[in-house]
Every structure is written in structure tokens, then in C-alpha cells.
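What follows is the content of target_4.txt (compact mmCIF, C-alpha atoms).
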```txt
# COMPACT_ATOMS: atom_id res chain seq x y z
CA PRO A 63 79.42 114.78 90.40
CA LYS A 64 81.54 115.12 93.53
CA LEU A 65 84.64 113.10 94.45
CA ALA A 66 85.79 113.00 98.08
CA VAL A 67 89.47 112.61 98.96
CA LEU A 68 89.74 111.11 102.46
CA LEU A 69 92.69 112.68 104.27
CA PRO A 70 94.24 112.23 107.73
CA PRO A 71 93.87 115.02 110.32
CA VAL A 72 95.39 118.42 109.46
CA ASN A 73 99.15 118.67 110.16
CA SER A 74 99.72 114.92 109.92
CA PRO A 75 103.12 113.41 109.00
CA PHE A 76 101.56 112.39 105.66
CA ASP A 77 100.73 115.94 104.49
CA ALA A 78 103.50 116.11 101.85
CA VAL A 79 102.53 112.69 100.46
CA ASN A 80 98.83 113.58 100.36
CA ASP A 81 99.52 116.94 98.71
CA ALA A 82 101.42 115.25 95.87
CA VAL A 83 98.62 112.71 95.36
CA ILE A 84 95.93 115.45 95.38
CA ARG A 85 97.92 117.40 92.77
CA GLY A 86 97.67 114.38 90.48
CA ILE A 87 93.92 114.00 91.14
CA GLU A 88 93.25 117.69 90.49
CA ALA A 89 95.46 117.83 87.38
CA VAL A 90 93.81 114.86 85.62
CA ASN A 91 90.35 116.09 86.71
CA ALA A 92 91.03 119.46 85.03
CA THR A 93 91.67 117.68 81.70
CA GLN A 94 88.21 116.03 81.67
CA ALA A 95 85.34 117.23 79.45
CA LYS A 96 83.14 117.22 82.58
CA PRO A 97 85.38 117.68 85.62
CA MET A 98 84.20 116.44 89.00
CA GLN A 99 84.08 118.63 92.09
CA ILE A 100 86.98 117.54 94.34
CA LEU A 101 86.19 117.52 98.08
CA PRO A 102 89.31 117.16 100.28
CA LEU A 103 88.03 115.87 103.65
CA HIS A 104 90.38 115.87 106.64
CA GLN A 105 89.60 113.43 109.41
CA LYS A 106 88.33 115.15 112.56
CA ALA A 107 89.83 114.37 115.96
CA GLY A 108 88.68 110.91 117.07
CA GLN A 109 86.58 110.42 113.91
CA THR A 110 86.12 106.86 112.63
CA ALA A 111 86.65 105.86 109.00
CA LEU A 112 82.89 105.18 108.64
CA SER A 113 82.00 108.63 110.03
CA GLN A 114 84.41 110.30 107.58
CA LEU A 115 82.80 108.37 104.71
CA GLN A 116 79.32 109.33 105.91
CA ASP A 117 80.39 112.99 105.89
CA ALA A 118 81.51 112.53 102.26
CA ALA A 119 78.14 110.99 101.34
CA LEU A 120 76.22 113.79 103.11
CA LEU A 121 78.20 116.36 101.09
CA GLY A 122 77.01 114.62 97.92
CA ALA A 123 80.14 112.65 96.96
CA VAL A 124 79.45 109.70 94.65
CA VAL A 125 82.90 108.09 95.12
CA ALA A 126 85.85 108.49 97.49
CA ILE A 127 89.63 108.14 97.09
CA GLY A 128 91.53 107.21 100.26
CA PRO A 129 92.38 106.71 103.01
CA MET A 130 96.11 106.06 102.62
CA THR A 131 97.21 104.65 105.98
CA ARG A 132 96.99 100.89 106.47
CA ASP A 133 95.18 101.23 109.82
CA GLU A 134 92.40 103.35 108.31
CA VAL A 135 92.05 101.04 105.30
CA SER A 136 91.91 98.01 107.62
CA GLU A 137 89.17 99.65 109.69
CA MET A 138 87.16 100.38 106.54
CA ALA A 139 87.65 96.87 105.14
CA ARG A 140 86.03 95.36 108.27
CA LEU A 141 82.84 97.44 107.93
CA PRO A 142 79.79 95.45 106.81
CA PHE A 143 78.55 98.31 104.62
CA LEU A 144 80.06 101.45 103.03
CA PRO A 145 77.88 104.43 102.08
CA LEU A 146 79.67 104.93 98.74
CA PRO A 147 82.29 103.23 96.50
CA VAL A 148 85.90 103.71 97.65
CA VAL A 149 89.32 103.52 95.98
CA ALA A 150 91.57 102.96 99.03
CA LEU A 151 95.23 103.90 98.61
CA ASN A 152 96.60 100.94 100.58
CA HIS A 153 95.79 97.35 101.50
CA PRO A 154 94.26 96.11 104.78
CA GLN A 155 96.56 94.37 107.24
CA GLN A 156 94.50 91.16 107.08
CA GLN A 157 94.27 89.90 103.51
CA GLY A 158 90.86 88.31 104.16
CA ASP A 159 89.27 91.65 105.14
CA ARG A 160 87.33 93.05 102.20
CA SER A 161 84.35 95.25 101.59
CA ASP A 162 82.37 94.84 98.38
CA LEU A 163 82.40 98.60 97.75
CA MET A 164 86.15 99.10 98.31
CA ILE A 165 89.00 98.41 95.92
CA ASN A 166 92.64 98.62 97.02
CA PHE A 167 95.33 100.37 94.99
CA SER A 168 98.90 100.92 96.17
CA LEU A 169 102.45 101.60 95.00
CA SER A 170 103.72 98.40 96.59
CA GLN A 171 107.52 98.03 96.70
CA GLU A 172 107.04 94.29 97.36
CA GLU A 173 105.06 93.89 94.11
CA GLU A 174 107.79 95.78 92.22
CA ALA A 175 110.37 93.48 93.84
CA LYS A 176 108.50 90.40 92.58
CA GLN A 177 108.25 91.91 89.09
CA ILE A 178 111.95 92.79 88.76
CA ALA A 179 113.03 89.49 90.36
CA GLN A 180 111.06 87.60 87.70
CA ILE A 181 112.84 89.62 84.99
CA ALA A 182 116.23 88.98 86.65
CA ILE A 183 115.50 85.23 86.79
CA ARG A 184 114.61 85.16 83.09
CA ALA A 185 117.89 86.97 82.27
CA LEU A 186 120.02 84.30 84.01
CA PRO A 187 121.91 81.74 81.89
CA ALA A 188 120.55 78.19 82.08
CA THR A 189 123.76 76.98 83.74
CA THR A 190 127.26 78.17 84.63
CA SER A 191 130.35 76.91 82.75
CA GLN A 192 130.52 74.22 85.45
CA GLY A 193 127.00 73.03 84.58
CA GLU A 194 125.55 74.38 87.84
CA LYS A 195 122.57 76.66 88.46
CA PRO A 196 123.66 80.33 88.41
CA LYS A 197 123.58 82.00 91.82
CA VAL A 198 122.01 85.32 92.78
CA ILE A 199 122.91 87.70 95.62
CA ILE A 200 120.53 90.05 97.43
CA PHE A 201 122.04 93.17 98.99
CA GLU A 202 119.89 94.97 101.56
CA VAL A 203 120.23 97.79 104.03
CA ASN A 204 119.08 97.37 107.61
CA SER A 205 115.66 99.07 107.53
CA SER A 206 112.12 97.69 107.49
CA LEU A 207 111.07 98.70 103.94
CA GLU A 208 114.27 97.42 102.34
CA GLN A 209 114.05 94.17 104.31
CA ARG A 210 110.50 93.64 103.03
CA VAL A 211 111.78 94.22 99.49
CA ALA A 212 114.64 91.73 100.06
CA SER A 213 112.17 89.15 101.41
CA ALA A 214 109.99 89.59 98.31
CA TYR A 215 113.07 88.97 96.13
CA ALA A 216 113.90 85.88 98.18
CA GLN A 217 110.35 84.54 97.82
CA GLU A 218 110.54 84.72 94.01
CA LEU A 219 114.01 83.11 93.92
CA GLU A 220 112.86 80.28 96.20
CA ALA A 221 109.79 79.68 94.01
CA ALA A 222 112.07 79.46 90.95
CA GLN A 223 114.55 77.24 92.86
CA ILE A 224 117.42 79.65 92.21
CA PRO A 225 120.28 79.44 94.75
CA PHE A 226 120.84 82.81 96.43
CA GLU A 227 122.46 84.57 99.36
CA ARG A 228 121.21 87.57 101.35
CA VAL A 229 123.82 90.10 102.48
CA THR A 230 123.14 93.09 104.73
CA LEU A 231 125.44 96.01 103.94
CA THR A 232 127.88 96.74 106.77
CA GLN A 233 130.51 99.43 107.14
CA GLU A 234 133.16 96.70 106.95
CA LEU A 235 131.82 95.50 103.59
CA MET A 236 131.46 99.05 102.23
CA ASN A 237 135.10 99.76 103.16
CA GLN A 238 136.16 97.30 100.44
CA PRO A 239 136.78 98.97 97.06
CA ARG A 240 135.64 95.74 95.35
CA PHE A 241 133.30 93.00 96.51
CA TYR A 242 134.98 90.32 94.34
CA GLU A 243 137.08 88.77 97.08
CA SER A 244 134.16 88.71 99.50
CA LEU A 245 131.94 87.15 96.83
CA GLN A 246 133.94 83.92 96.79
CA SER A 247 135.69 84.29 93.44
CA THR A 248 136.61 80.91 91.95
CA LEU A 249 139.85 82.29 90.48
CA PRO A 250 142.89 81.10 92.46
CA LYS A 251 144.85 83.97 93.95
CA PRO A 252 148.37 84.42 92.53
CA LYS A 253 151.32 83.24 94.62
CA LEU A 254 153.23 86.34 95.61
CA GLU A 255 156.99 86.39 96.24
CA ALA A 256 158.19 87.11 99.76
CA LEU A 257 159.46 90.67 100.02
CA PRO A 258 163.15 91.15 100.92
CA ASP A 259 163.96 93.48 103.80
CA LYS A 260 163.32 97.04 102.63
CA THR A 261 166.23 98.51 104.59
CA GLU A 262 168.85 95.81 103.87
CA ASP A 263 167.99 95.20 100.22
CA PRO A 264 165.97 98.14 98.85
CA TYR A 265 166.80 97.31 95.20
CA ASN A 266 165.35 93.77 95.27
CA TYR A 267 162.55 94.88 97.57
CA ASN A 268 161.31 97.31 94.89
CA ARG A 269 161.75 94.74 92.08
CA VAL A 270 159.80 92.01 93.93
CA LYS A 271 157.15 94.50 95.02
CA ALA A 272 156.68 95.63 91.38
CA ARG A 273 156.35 91.97 90.21
CA ASN A 274 153.80 91.25 92.94
CA GLU A 275 151.79 94.34 92.05
CA LYS A 276 151.77 93.32 88.39
CA LEU A 277 150.50 89.84 89.32
CA MET A 278 147.72 91.36 91.43
CA GLU A 279 146.75 93.75 88.63
CA GLN A 280 146.46 90.81 86.22
CA TYR A 281 144.44 88.89 88.82
CA ARG A 282 142.02 91.81 89.30
CA ALA A 283 141.66 92.21 85.52
CA GLN A 284 140.82 88.51 85.23
CA GLN A 285 138.28 88.85 88.04
CA ILE A 286 136.49 91.68 86.26
CA PHE A 287 135.78 89.56 83.18
CA ALA A 288 135.80 86.11 84.79
CA GLU A 289 132.61 84.15 85.30
CA PRO A 290 131.07 85.94 88.29
CA PRO A 291 130.27 84.09 91.52
CA TYR A 292 126.79 85.67 91.31
CA TYR A 293 125.10 86.28 87.96
CA ALA A 294 122.59 88.76 89.34
CA ALA A 295 122.54 91.19 92.25
CA LEU A 296 119.14 92.33 93.51
CA LEU A 297 119.38 95.61 95.43
CA ALA A 298 117.05 96.59 98.28
CA MET A 299 118.25 100.16 98.88
CA ASP A 300 117.91 103.72 97.60
CA ALA A 301 119.68 105.15 94.56
CA ARG A 302 122.54 106.77 96.51
CA THR A 303 123.43 103.53 98.30
CA ALA A 304 123.00 101.54 95.08
CA ALA A 305 125.48 103.91 93.39
CA LEU A 306 128.07 102.86 96.01
CA VAL A 307 127.34 99.13 95.62
CA SER A 308 127.02 98.68 91.85
CA PRO A 309 130.60 99.73 90.90
CA ARG A 310 131.99 97.28 93.49
CA LEU A 311 130.38 94.24 91.82
CA PRO A 312 131.95 91.97 89.18
CA ARG A 313 131.67 93.43 85.68
CA LEU A 314 129.52 90.55 84.40
CA THR A 315 127.02 90.55 87.28
CA ARG A 316 123.66 92.01 86.19
CA VAL A 317 122.24 94.47 88.73
CA TRP A 318 118.51 94.97 89.39
CA GLY A 319 116.29 96.96 91.73
CA THR A 320 112.84 98.39 92.42
CA SER A 321 111.85 102.03 91.92
CA LEU A 322 113.95 102.78 95.02
CA VAL A 323 117.07 102.79 92.78
CA ASN A 324 115.62 105.33 90.31
CA PRO A 325 117.88 108.40 90.85
CA GLY A 326 115.45 110.82 89.16
CA ASP A 327 115.89 113.42 86.42
CA PRO A 328 119.46 113.17 84.97
CA ARG A 329 119.32 116.82 83.85
CA GLN A 330 120.23 117.69 87.44
CA SER A 331 124.01 117.44 87.78
CA VAL A 332 123.97 115.53 91.10
CA ILE A 333 121.65 112.90 89.61
CA ALA A 334 123.62 112.78 86.35
CA SER A 335 126.72 111.81 88.32
CA LEU A 336 124.75 109.00 90.03
CA THR A 337 123.74 107.54 86.65
CA TYR A 338 127.40 106.79 85.84
CA ASP A 339 127.72 104.62 88.94
CA LEU A 340 124.32 103.03 88.24
CA THR A 341 124.97 102.32 84.56
CA ASN A 342 123.17 99.17 83.33
CA VAL A 343 121.06 98.80 86.48
CA GLY A 344 117.60 97.53 85.48
CA PHE A 345 114.53 98.50 87.51
CA VAL A 346 110.76 99.07 87.32
CA ASP A 347 108.86 102.25 88.19
CA ALA A 348 105.88 104.41 87.27
CA PRO A 349 106.23 105.64 83.65
CA LEU A 350 105.71 109.21 84.87
CA ALA A 351 108.70 108.80 87.24
CA ILE A 352 110.94 107.43 84.45
CA GLU A 353 110.11 109.75 81.56
CA ASN A 354 111.37 113.28 82.16
CA ASP A 355 109.86 115.07 79.15
CA ILE A 356 108.67 118.36 80.67
CA GLU A 357 106.87 119.54 77.52
CA ALA A 358 104.94 116.27 77.15
CA PHE A 359 103.93 116.52 80.83
CA ARG A 360 102.64 120.09 80.35
CA GLN A 361 100.64 119.05 77.29
CA GLN A 362 99.10 116.08 79.10
CA PHE A 363 98.24 117.74 82.42
CA GLY A 364 98.36 121.49 81.76
CA CYS A 365 100.69 122.15 84.70
CA GLU A 366 104.36 122.03 85.68
CA PRO A 367 105.74 118.60 86.67
CA PRO A 368 106.59 117.98 90.34
CA SER A 369 110.28 118.50 91.12
CA GLY A 370 111.46 115.20 92.62
CA VAL A 371 111.11 111.59 91.51
CA LEU A 372 109.03 110.67 94.59
CA GLN A 373 106.66 113.61 93.98
CA ARG A 374 106.25 112.56 90.33
CA ARG A 375 105.47 108.98 91.43
CA LEU A 376 102.85 110.17 93.94
CA PHE A 377 101.37 112.55 91.34
CA ALA A 378 101.03 109.52 89.01
CA PHE A 379 99.43 107.59 91.90
CA GLY A 380 96.77 110.31 92.19
CA VAL A 381 96.15 110.31 88.42
CA ASP A 382 95.56 106.54 88.29
CA ALA A 383 93.47 106.55 91.50
CA TYR A 384 91.20 109.14 89.82
CA ARG A 385 90.89 107.02 86.67
CA LEU A 386 90.02 103.98 88.79
CA ALA A 387 87.44 106.03 90.74
CA GLN A 388 85.77 107.12 87.48
CA ASP A 389 85.20 103.49 86.51
CA TRP A 390 84.49 102.15 90.01
CA MET A 391 81.73 104.70 90.69
CA HIS A 392 79.90 103.17 87.71
CA TRP A 393 80.42 99.64 89.18
CA LYS A 394 82.68 98.57 86.37
CA THR A 395 83.83 95.12 87.54
CA GLN A 396 86.75 94.82 85.10
CA ILE A 397 89.09 97.76 84.63
CA ARG A 398 92.18 97.85 82.43
CA PHE A 399 94.26 100.80 81.22
CA ASP A 400 97.84 101.93 80.61
CA GLY A 401 98.26 104.37 83.45
CA SER A 402 100.75 106.87 84.80
CA THR A 403 102.01 104.31 87.38
CA GLY A 404 102.09 101.37 84.94
CA SER A 405 99.65 98.90 83.38
CA ILE A 406 96.56 98.76 85.59
CA TYR A 407 94.22 95.76 85.82
CA PHE A 408 91.32 95.03 88.16
CA ASP A 409 88.79 92.19 88.25
CA ALA A 410 86.20 92.46 91.04
CA PHE A 411 85.32 88.76 90.71
CA VAL A 412 88.92 87.73 91.49
CA SER A 413 90.10 90.19 94.14
CA ASN A 414 89.60 93.65 95.63
CA SER A 415 93.23 94.43 94.79
CA VAL A 416 94.20 96.44 91.74
CA LEU A 417 97.15 94.88 89.92
CA ARG A 418 99.88 97.23 88.69
CA GLU A 419 102.69 96.24 86.37
CA ALA A 420 105.35 98.94 86.57
CA GLU A 421 107.38 100.01 83.52
CA PRO A 422 110.80 98.36 83.04
CA ALA A 423 113.77 100.69 82.48
CA ILE A 424 117.56 100.74 82.45
CA ILE A 425 119.96 103.40 83.69
CA LYS A 426 122.56 104.64 81.23
CA ALA A 427 125.21 107.33 81.59
CA ASN A 428 123.31 110.61 81.87
CA LYS A 429 119.91 109.13 80.99
CA ILE A 430 117.20 106.66 82.00
CA GLU A 431 115.66 104.59 79.21
CA PRO A 432 112.28 102.84 79.36
CA GLN A 433 112.73 99.37 77.85
CA SER A 434 110.58 96.39 77.00
CA VAL A 435 111.17 93.27 79.10
CA GLU A 436 112.52 91.50 76.00
CA LYS A 437 115.14 94.19 75.43
CA LEU A 438 116.05 94.22 79.13
CA LEU A 439 116.67 90.45 78.98
CA GLN A 440 119.34 90.82 76.29
CA PRO A 441 122.96 90.53 77.48
CA ILE A 442 124.61 93.90 78.06
CA THR A 443 127.51 94.82 75.82
CA ARG A 444 130.24 96.22 78.04
CA PRO A 445 133.34 98.25 77.21
CA GLN A 446 136.49 96.15 77.22
```
Will you turn the file into C-alpha cells for me?
Amino acid sequence: PKLAVLLPPVNSPFDAVNDAVIRGIEAVNATQAKPMQILPLHQKAGQTALSQLQDAALLGAVVAIGPMTRDEVSEMARLPFLPLPVVALNHPQQQGDRSDLMINFSLSQEEEAKQIAQIAIRALPATTSQGEKPKVIIFEVNSSLEQRVASAYAQELEAAQIPFERVTLTQELMNQPRFYESLQSTLPKPKLEALPDKTEDPYNYNRVKARNEKLMEQYRAQQIFAEPPYYAALLAMDARTAALVSPRLPRLTRVWGTSLVNPGDPRQSVIASLTYDLTNVGFVDAPLAIENDIEAFRQQFGCEPPSGVLQRRLFAFGVDAYRLAQDWMHWKTQIRFDGSTGSIYFDAFVSNSVLREAEPAIIKANKIEPQSVEKLLQPITRPQ
């Protein structure tokens, strides 16, 4: 049998993404007892989605994977009839648009945000020491993807009736070595003595200055282990930015994120150094992007693993799209498997969308550990 991969025109901005996905499709295909013939089909200039699909059917394809862009998927979803079953690698813009022969599979950051927000909510204490609901803070950077992630966090917190605040990172905020003061600490600031004139009374100036500094040190130490103003911080940013934010938060604030905060393989020294600043950050991602066992990867796929964390994630996306296509081409209406991107579930009678539950993990110094949700919910023991 033949499998078509629907690609954008040659030399498109998505070439690197498509190449990583195709690598996953080809690698898992090569492990099959009866491999399929893979047909990469680039869209011709001015060609419609239907015409590209018809080309695939004429070449003998029995199923297609793609397209990946939302516009192309939306166009296909509005068609009254498709010439062959399709595993689209995105969702249509209008949720109501659906074709009976098309299922939609994506690595949605918004879905990951909902998943990790639900875990973060479960990890919160029932109440603060004051008997109030614990608060949560969302930190986001000013870009469209991260704002969509932050909005997905906010949606889950609103549904759970958890009080929260959204903060966009600014240069002014990032100039602060600690965010405690800006996060409305309930600890009263110490009353500092007025400094004598440095020129007229240098002896007492130094003594008073030393006493004041000692008071501030004690205050900062109390802040670190005091009840935090926010019990959880949800990050909508990449790993490098998260590594600047996490160390500035109160010690007892739990920090969470989507796969955006996954720094990658800690065996690389630059990434290893990031893991120290991201220690105890919980997140969800594709298992293949979390586990960095090169030998296990070679045994499973018979090839070398992609170099970066994004390439590994897209490779996993291709692997699971292929597995979905194998079932969908036989009109299997319920599909469930533990995939390379997470736990996959599809029910054609409920929705055209494939559900993906990403794997939970926690970042430790020099390593990234996959963890069950139950283990992730346990309070973190911190060095005193």
C-alpha cells in the first residue's frame, strides 16, 4: 500500500518542520513487517487541497498524512467529499468544519497548557494559613503563541475558581534579582535605622549600615521560606526565559510549564546549566522529547535520534501520525495507543480530533525525569 504525505510547495518556510516529521514517518515505516510506500507530494503552484489529494489518489495512495498548515486543513475540512482518508496535522480554524474522512492530530500547546494547569491546580493546598484560596500567577512573554498558552492556563484556573494574576515579563521586572517584593509579600519589611552622615560620622555610619544589612538579610531569608504570595507559577515562555524567571520566585512556589520549558538533552553542557536554574519545574511533553536514551532510540527506530528537542518532538509527531494513518485507513473508529508524543485516543463518534495526553516530567539538576501525575503532585523537598 501507498501512503501520501501532503507537503507545502518546495522551498516553503515549513521545510525544516516537514523534514523532521517525514523522518519520523519513514523511520517507523521501516520497522514494519510490511512497510508502506511513502509518497511525499509537494503542492504545485496555485494547487487546491482537493487537487493535491486527487493526485495522491491517482498515484495509488490509500491514506494521506497532512497538510500541516491551518489554512490548508480548513480548506480540506470544508470539502463535501475527500477521495481518501486523511490524518491532518492541524485543526481547522472553524471548529464546526469537519469532513467524515479526515481526522485532526496536532501538537497543541494550548492542550498541553490545560493539562499542566490541571496538575498544578491539584497540587495546590486546600487553603492558605489564613484560610483563603491559594493564588496562582501566570508569567508570559509578549508573543502570540505564549499569550495563547497563558490564556489556556487562565481558562482552566477560572473554571476551577482559583484566584490568579497574569503578568507580562518586562525589562523592568527582569532587572529585579528577586520577584518577592513585586509579588506582594505579606511579611512586613523591617524598620531600618537612619544612616548617620558618612563624612561626619564614618564609624557610626558603618555600624548602622551593617545592622541594616543584617536586618535585610534576615528579612530575605524569611521571605524565601515564608508562605508565598502565589503557590504556583505557570510559565508561558521558552526554556531560556524560564531559567531566568524560576530562580527569582519564592522558594515555596511550585513552577509549571508546557513543553516550551523543556531545555532538551542535559548531556549538552549548555542545557545542563539550564537544568540547575529550572530545578523542580514540572511540565508535559512528548515522551520521545523527554527521554534521551540514544541506544533505546536506535533499537526502536534503527536510526540516529534527531539532534534538538524540537526535532525529536516533530519526529515523534510523524511516528504517531503514521500509526494513526495505519488504523484510519482501515476505518477504525476508536483508536488508542501509548505513542511517541503521549497517550493517544480517538473516537470518531465523538469528534474528528485526536486527543493527546502528554507525558508529565520534572527537571532536576543535570537530568529530566518522567514522572507519574501522582508523584508530581507530592510536595517537593527542598534544601534548607
- Could you pull the residues within 12 Å of Gln171 of chain A, counting only C-alpha atoms, minus those fewer than 5 positions along the same chain, as a PyMOL selection string? chain A and resi 152+176-179+206-215+298-300+319-323+345-348+418-420
Export of the given selection (C-alpha atoms) as a PDB file, in the coordinates of the input:
```pdb
ATOM      1  CA  ASN A 152      96.600 100.940 100.580  1.00  0.00           C
ATOM      2  CA  LYS A 176     108.500  90.400  92.580  1.00  0.00           C
ATOM      3  CA  GLN A 177     108.250  91.910  89.090  1.00  0.00           C
ATOM      4  CA  ILE A 178     111.950  92.790  88.760  1.00  0.00           C
ATOM      5  CA  ALA A 179     113.030  89.490  90.360  1.00  0.00           C
ATOM      6  CA  SER A 206     112.120  97.690 107.490  1.00  0.00           C
ATOM      7  CA  LEU A 207     111.070  98.700 103.940  1.00  0.00           C
ATOM      8  CA  GLU A 208     114.270  97.420 102.340  1.00  0.00           C
ATOM      9  CA  GLN A 209     114.050  94.170 104.310  1.00  0.00           C
ATOM     10  CA  ARG A 210     110.500  93.640 103.030  1.00  0.00           C
ATOM     11  CA  VAL A 211     111.780  94.220  99.490  1.00  0.00           C
ATOM     12  CA  ALA A 212     114.640  91.730 100.060  1.00  0.00           C
ATOM     13  CA  SER A 213     112.170  89.150 101.410  1.00  0.00           C
ATOM     14  CA  ALA A 214     109.990  89.590  98.310  1.00  0.00           C
ATOM     15  CA  TYR A 215     113.070  88.970  96.130  1.00  0.00           C
ATOM     16  CA  ALA A 298     117.050  96.590  98.280  1.00  0.00           C
ATOM     17  CA  MET A 299     118.250 100.160  98.880  1.00  0.00           C
ATOM     18  CA  ASP A 300     117.910 103.720  97.600  1.00  0.00           C
ATOM     19  CA  GLY A 319     116.290  96.960  91.730  1.00  0.00           C
ATOM     20  CA  THR A 320     112.840  98.390  92.420  1.00  0.00           C
ATOM     21  CA  SER A 321     111.850 102.030  91.920  1.00  0.00           C
ATOM     22  CA  LEU A 322     113.950 102.780  95.020  1.00  0.00           C
ATOM     23  CA  VAL A 323     117.070 102.790  92.780  1.00  0.00           C
ATOM     24  CA  PHE A 345     114.530  98.500  87.510  1.00  0.00           C
ATOM     25  CA  VAL A 346     110.760  99.070  87.320  1.00  0.00           C
ATOM     26  CA  ASP A 347     108.860 102.250  88.190  1.00  0.00           C
ATOM     27  CA  ALA A 348     105.880 104.410  87.270  1.00  0.00           C
ATOM     28  CA  ARG A 418      99.880  97.230  88.690  1.00  0.00           C
ATOM     29  CA  GLU A 419     102.690  96.240  86.370  1.00  0.00           C
ATOM     30  CA  ALA A 420     105.350  98.940  86.570  1.00  0.00           C
TER      31      ALA A 420
END
```
- Show which residues sit within 7 Å of segment 80-91 of chain A, as a PyMOL selection string. Count only C-alpha atoms, and ignore same-chain residues fewer than 6 positions away. chain A and resi 97-98+363+373+376-381+384
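With distances restricted to all atoms listed in the file, A:Ile333 is the closest residue to Gly370 of chain A from A:Leu68, A:Leu219, A:Ala123, A:Ile333.
Proximity to Ala107 of chain A was assessed for A:Lys260, A:Ala66, A:Pro71, A:Leu277 counting all atoms listed in the file; the smallest distance is recorded for A:Pro71.
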- Message: Just want the 9 Å neighbourhood of Lys429 of chain A, counted on all atoms listed in the file, with same-chain residues fewer than 3 positions away dropped. Output as a list of chain:residue names.
- Response: A:Asp327, A:Pro328, A:Arg329, A:Ala334, A:Thr337, A:Ile424, A:Ile425, A:Lys426
Put those residues in a file: C-alpha atoms, as an mmCIF file, in the frame of the given file.
```cif
data_model
loop_
_atom_site.group_PDB
_atom_site.id
_atom_site.type_symbol
_atom_site.label_atom_id
_atom_site.label_comp_id
_atom_site.auth_asym_id
_atom_site.auth_seq_id
_atom_site.Cartn_x
_atom_site.Cartn_y
_atom_site.Cartn_z
ATOM 1 C CA ASP A 327 115.890 113.420 86.420
ATOM 2 C CA PRO A 328 119.460 113.170 84.970
ATOM 3 C CA ARG A 329 119.320 116.820 83.850
ATOM 4 C CA ALA A 334 123.620 112.780 86.350
ATOM 5 C CA THR A 337 123.740 107.540 86.650
ATOM 6 C CA ILE A 424 117.560 100.740 82.450
ATOM 7 C CA ILE A 425 119.960 103.400 83.690
ATOM 8 C CA LYS A 426 122.560 104.640 81.230
#
```
- Message: List as a list in words the protein and nucleic acid residues near Leu151 of chain A, meaning an atom at most 7 Å away when all atoms listed in the file are counted, but skip any in the same chain fewer than 6 places from it.
- Response: Gly128, Pro129, Met130, Asn166, Phe167 and Ser168 of chain A
- Given the choices A:Ala358, A:Leu439, A:Leu386, A:Ile352, which gets closest to Leu372 of chain A if the distance is worked out from all atoms listed in the file?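 With all atoms listed in the file as the atom set, the closest residue is A:Ile352.
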- Counting only C-alpha atoms, figure out which residue out of A:Val412, A:Val79, A:Ala216, A:Leu65 gets nearest to Leu101 of chain A.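 Closest residue, counting only C-alpha atoms: A:Leu65.
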Exercise: residues within 8 Å of coordinate (100.5, 97.0, 88.2), counting all atoms listed in the file, as a PDB file with C-alpha atoms, in the coordinates of the input:
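New file point23.pdb:
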```pdb
ATOM      1  CA  THR A 403     102.010 104.310  87.380  1.00  0.00           C
ATOM      2  CA  GLY A 404     102.090 101.370  84.940  1.00  0.00           C
ATOM      3  CA  SER A 405      99.650  98.900  83.380  1.00  0.00           C
ATOM      4  CA  ILE A 406      96.560  98.760  85.590  1.00  0.00           C
ATOM      5  CA  TYR A 407      94.220  95.760  85.820  1.00  0.00           C
ATOM      6  CA  VAL A 416      94.200  96.440  91.740  1.00  0.00           C
ATOM      7  CA  LEU A 417      97.150  94.880  89.920  1.00  0.00           C
ATOM      8  CA  ARG A 418      99.880  97.230  88.690  1.00  0.00           C
ATOM      9  CA  GLU A 419     102.690  96.240  86.370  1.00  0.00           C
ATOM     10  CA  ALA A 420     105.350  98.940  86.570  1.00  0.00           C
TER      11      ALA A 420
END
```
- Message: Here is a test: counting all atoms listed in the file, which residue of A:Ala78, A:Ile397, A:Leu186, A:Met278 is nearest to Leu314 of chain A?
- Response: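 So, comparing all the options, the nearest one is A:Leu186.
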- Closest of A:Pro291, A:Glu262, A:Phe399, A:Val307 to Leu235 of chain A - atom-to-atom distances counting all atoms listed in the file: A:Val307
Work out where the centre of an axis-aligned box around every listed atom of segment 90-105 of chain A lies and how long its edges are once 6 Å is added on each side; give both in Å to one decimal as JSON.
```
{"center_x": 88.5, "center_y": 116.4, "center_z": 94.4, "size_x": 22.7, "size_y": 18.0, "size_z": 42.0}
```
- Message: For a test of reading the model, state the distance in Å between atom CA of Pro422 of chain A and atom CA of Gly364 of chain A, rounded to one decimal.
- Response: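 Between these atoms lies a distance of 26.3 Å.
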- Just give me the gap between atom CA of Ser434 of chain A and atom CA of Ala294 of chain A in Å, one decimal is fine.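 If I compute the distance from atom CA of Ser434 of chain A to atom CA of Ala294 of chain A, I get 18.8 Å.
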- Please identify all polymer residues within 12 Å of Gln109 of chain A, counting only C-alpha atoms, omitting same-chain residues fewer than 6 positions from it, and present them as number ranges by chain. A: 68-71, 103, 115-117, 134, 137
Counting all atoms listed in the file, which residues in segment 173-242 of chain A sit no more than 12 Å from segment 308-311 of chain A? For each one, give the nearest pair of atoms and the distance in Å, sorted by chain then residue number, as a tab-separated table.
```
residue	atom	partner	partner_atom	distance
A:Ile199	CA	A:Leu311	CA	10.6
A:Phe201	CA	A:Ser308	CA	10.3
A:Leu235	CA	A:Arg310	CA	10.3
A:Met236	CA	A:Arg310	CA	8.9
A:Asn237	CA	A:Arg310	CA	10.5
A:Gln238	CA	A:Arg310	CA	8.1
A:Pro239	CA	A:Arg310	CA	6.2
A:Arg240	CA	A:Arg310	CA	4.4
A:Phe241	CA	A:Arg310	CA	5.4
A:Tyr242	CA	A:Leu311	CA	6.5
```
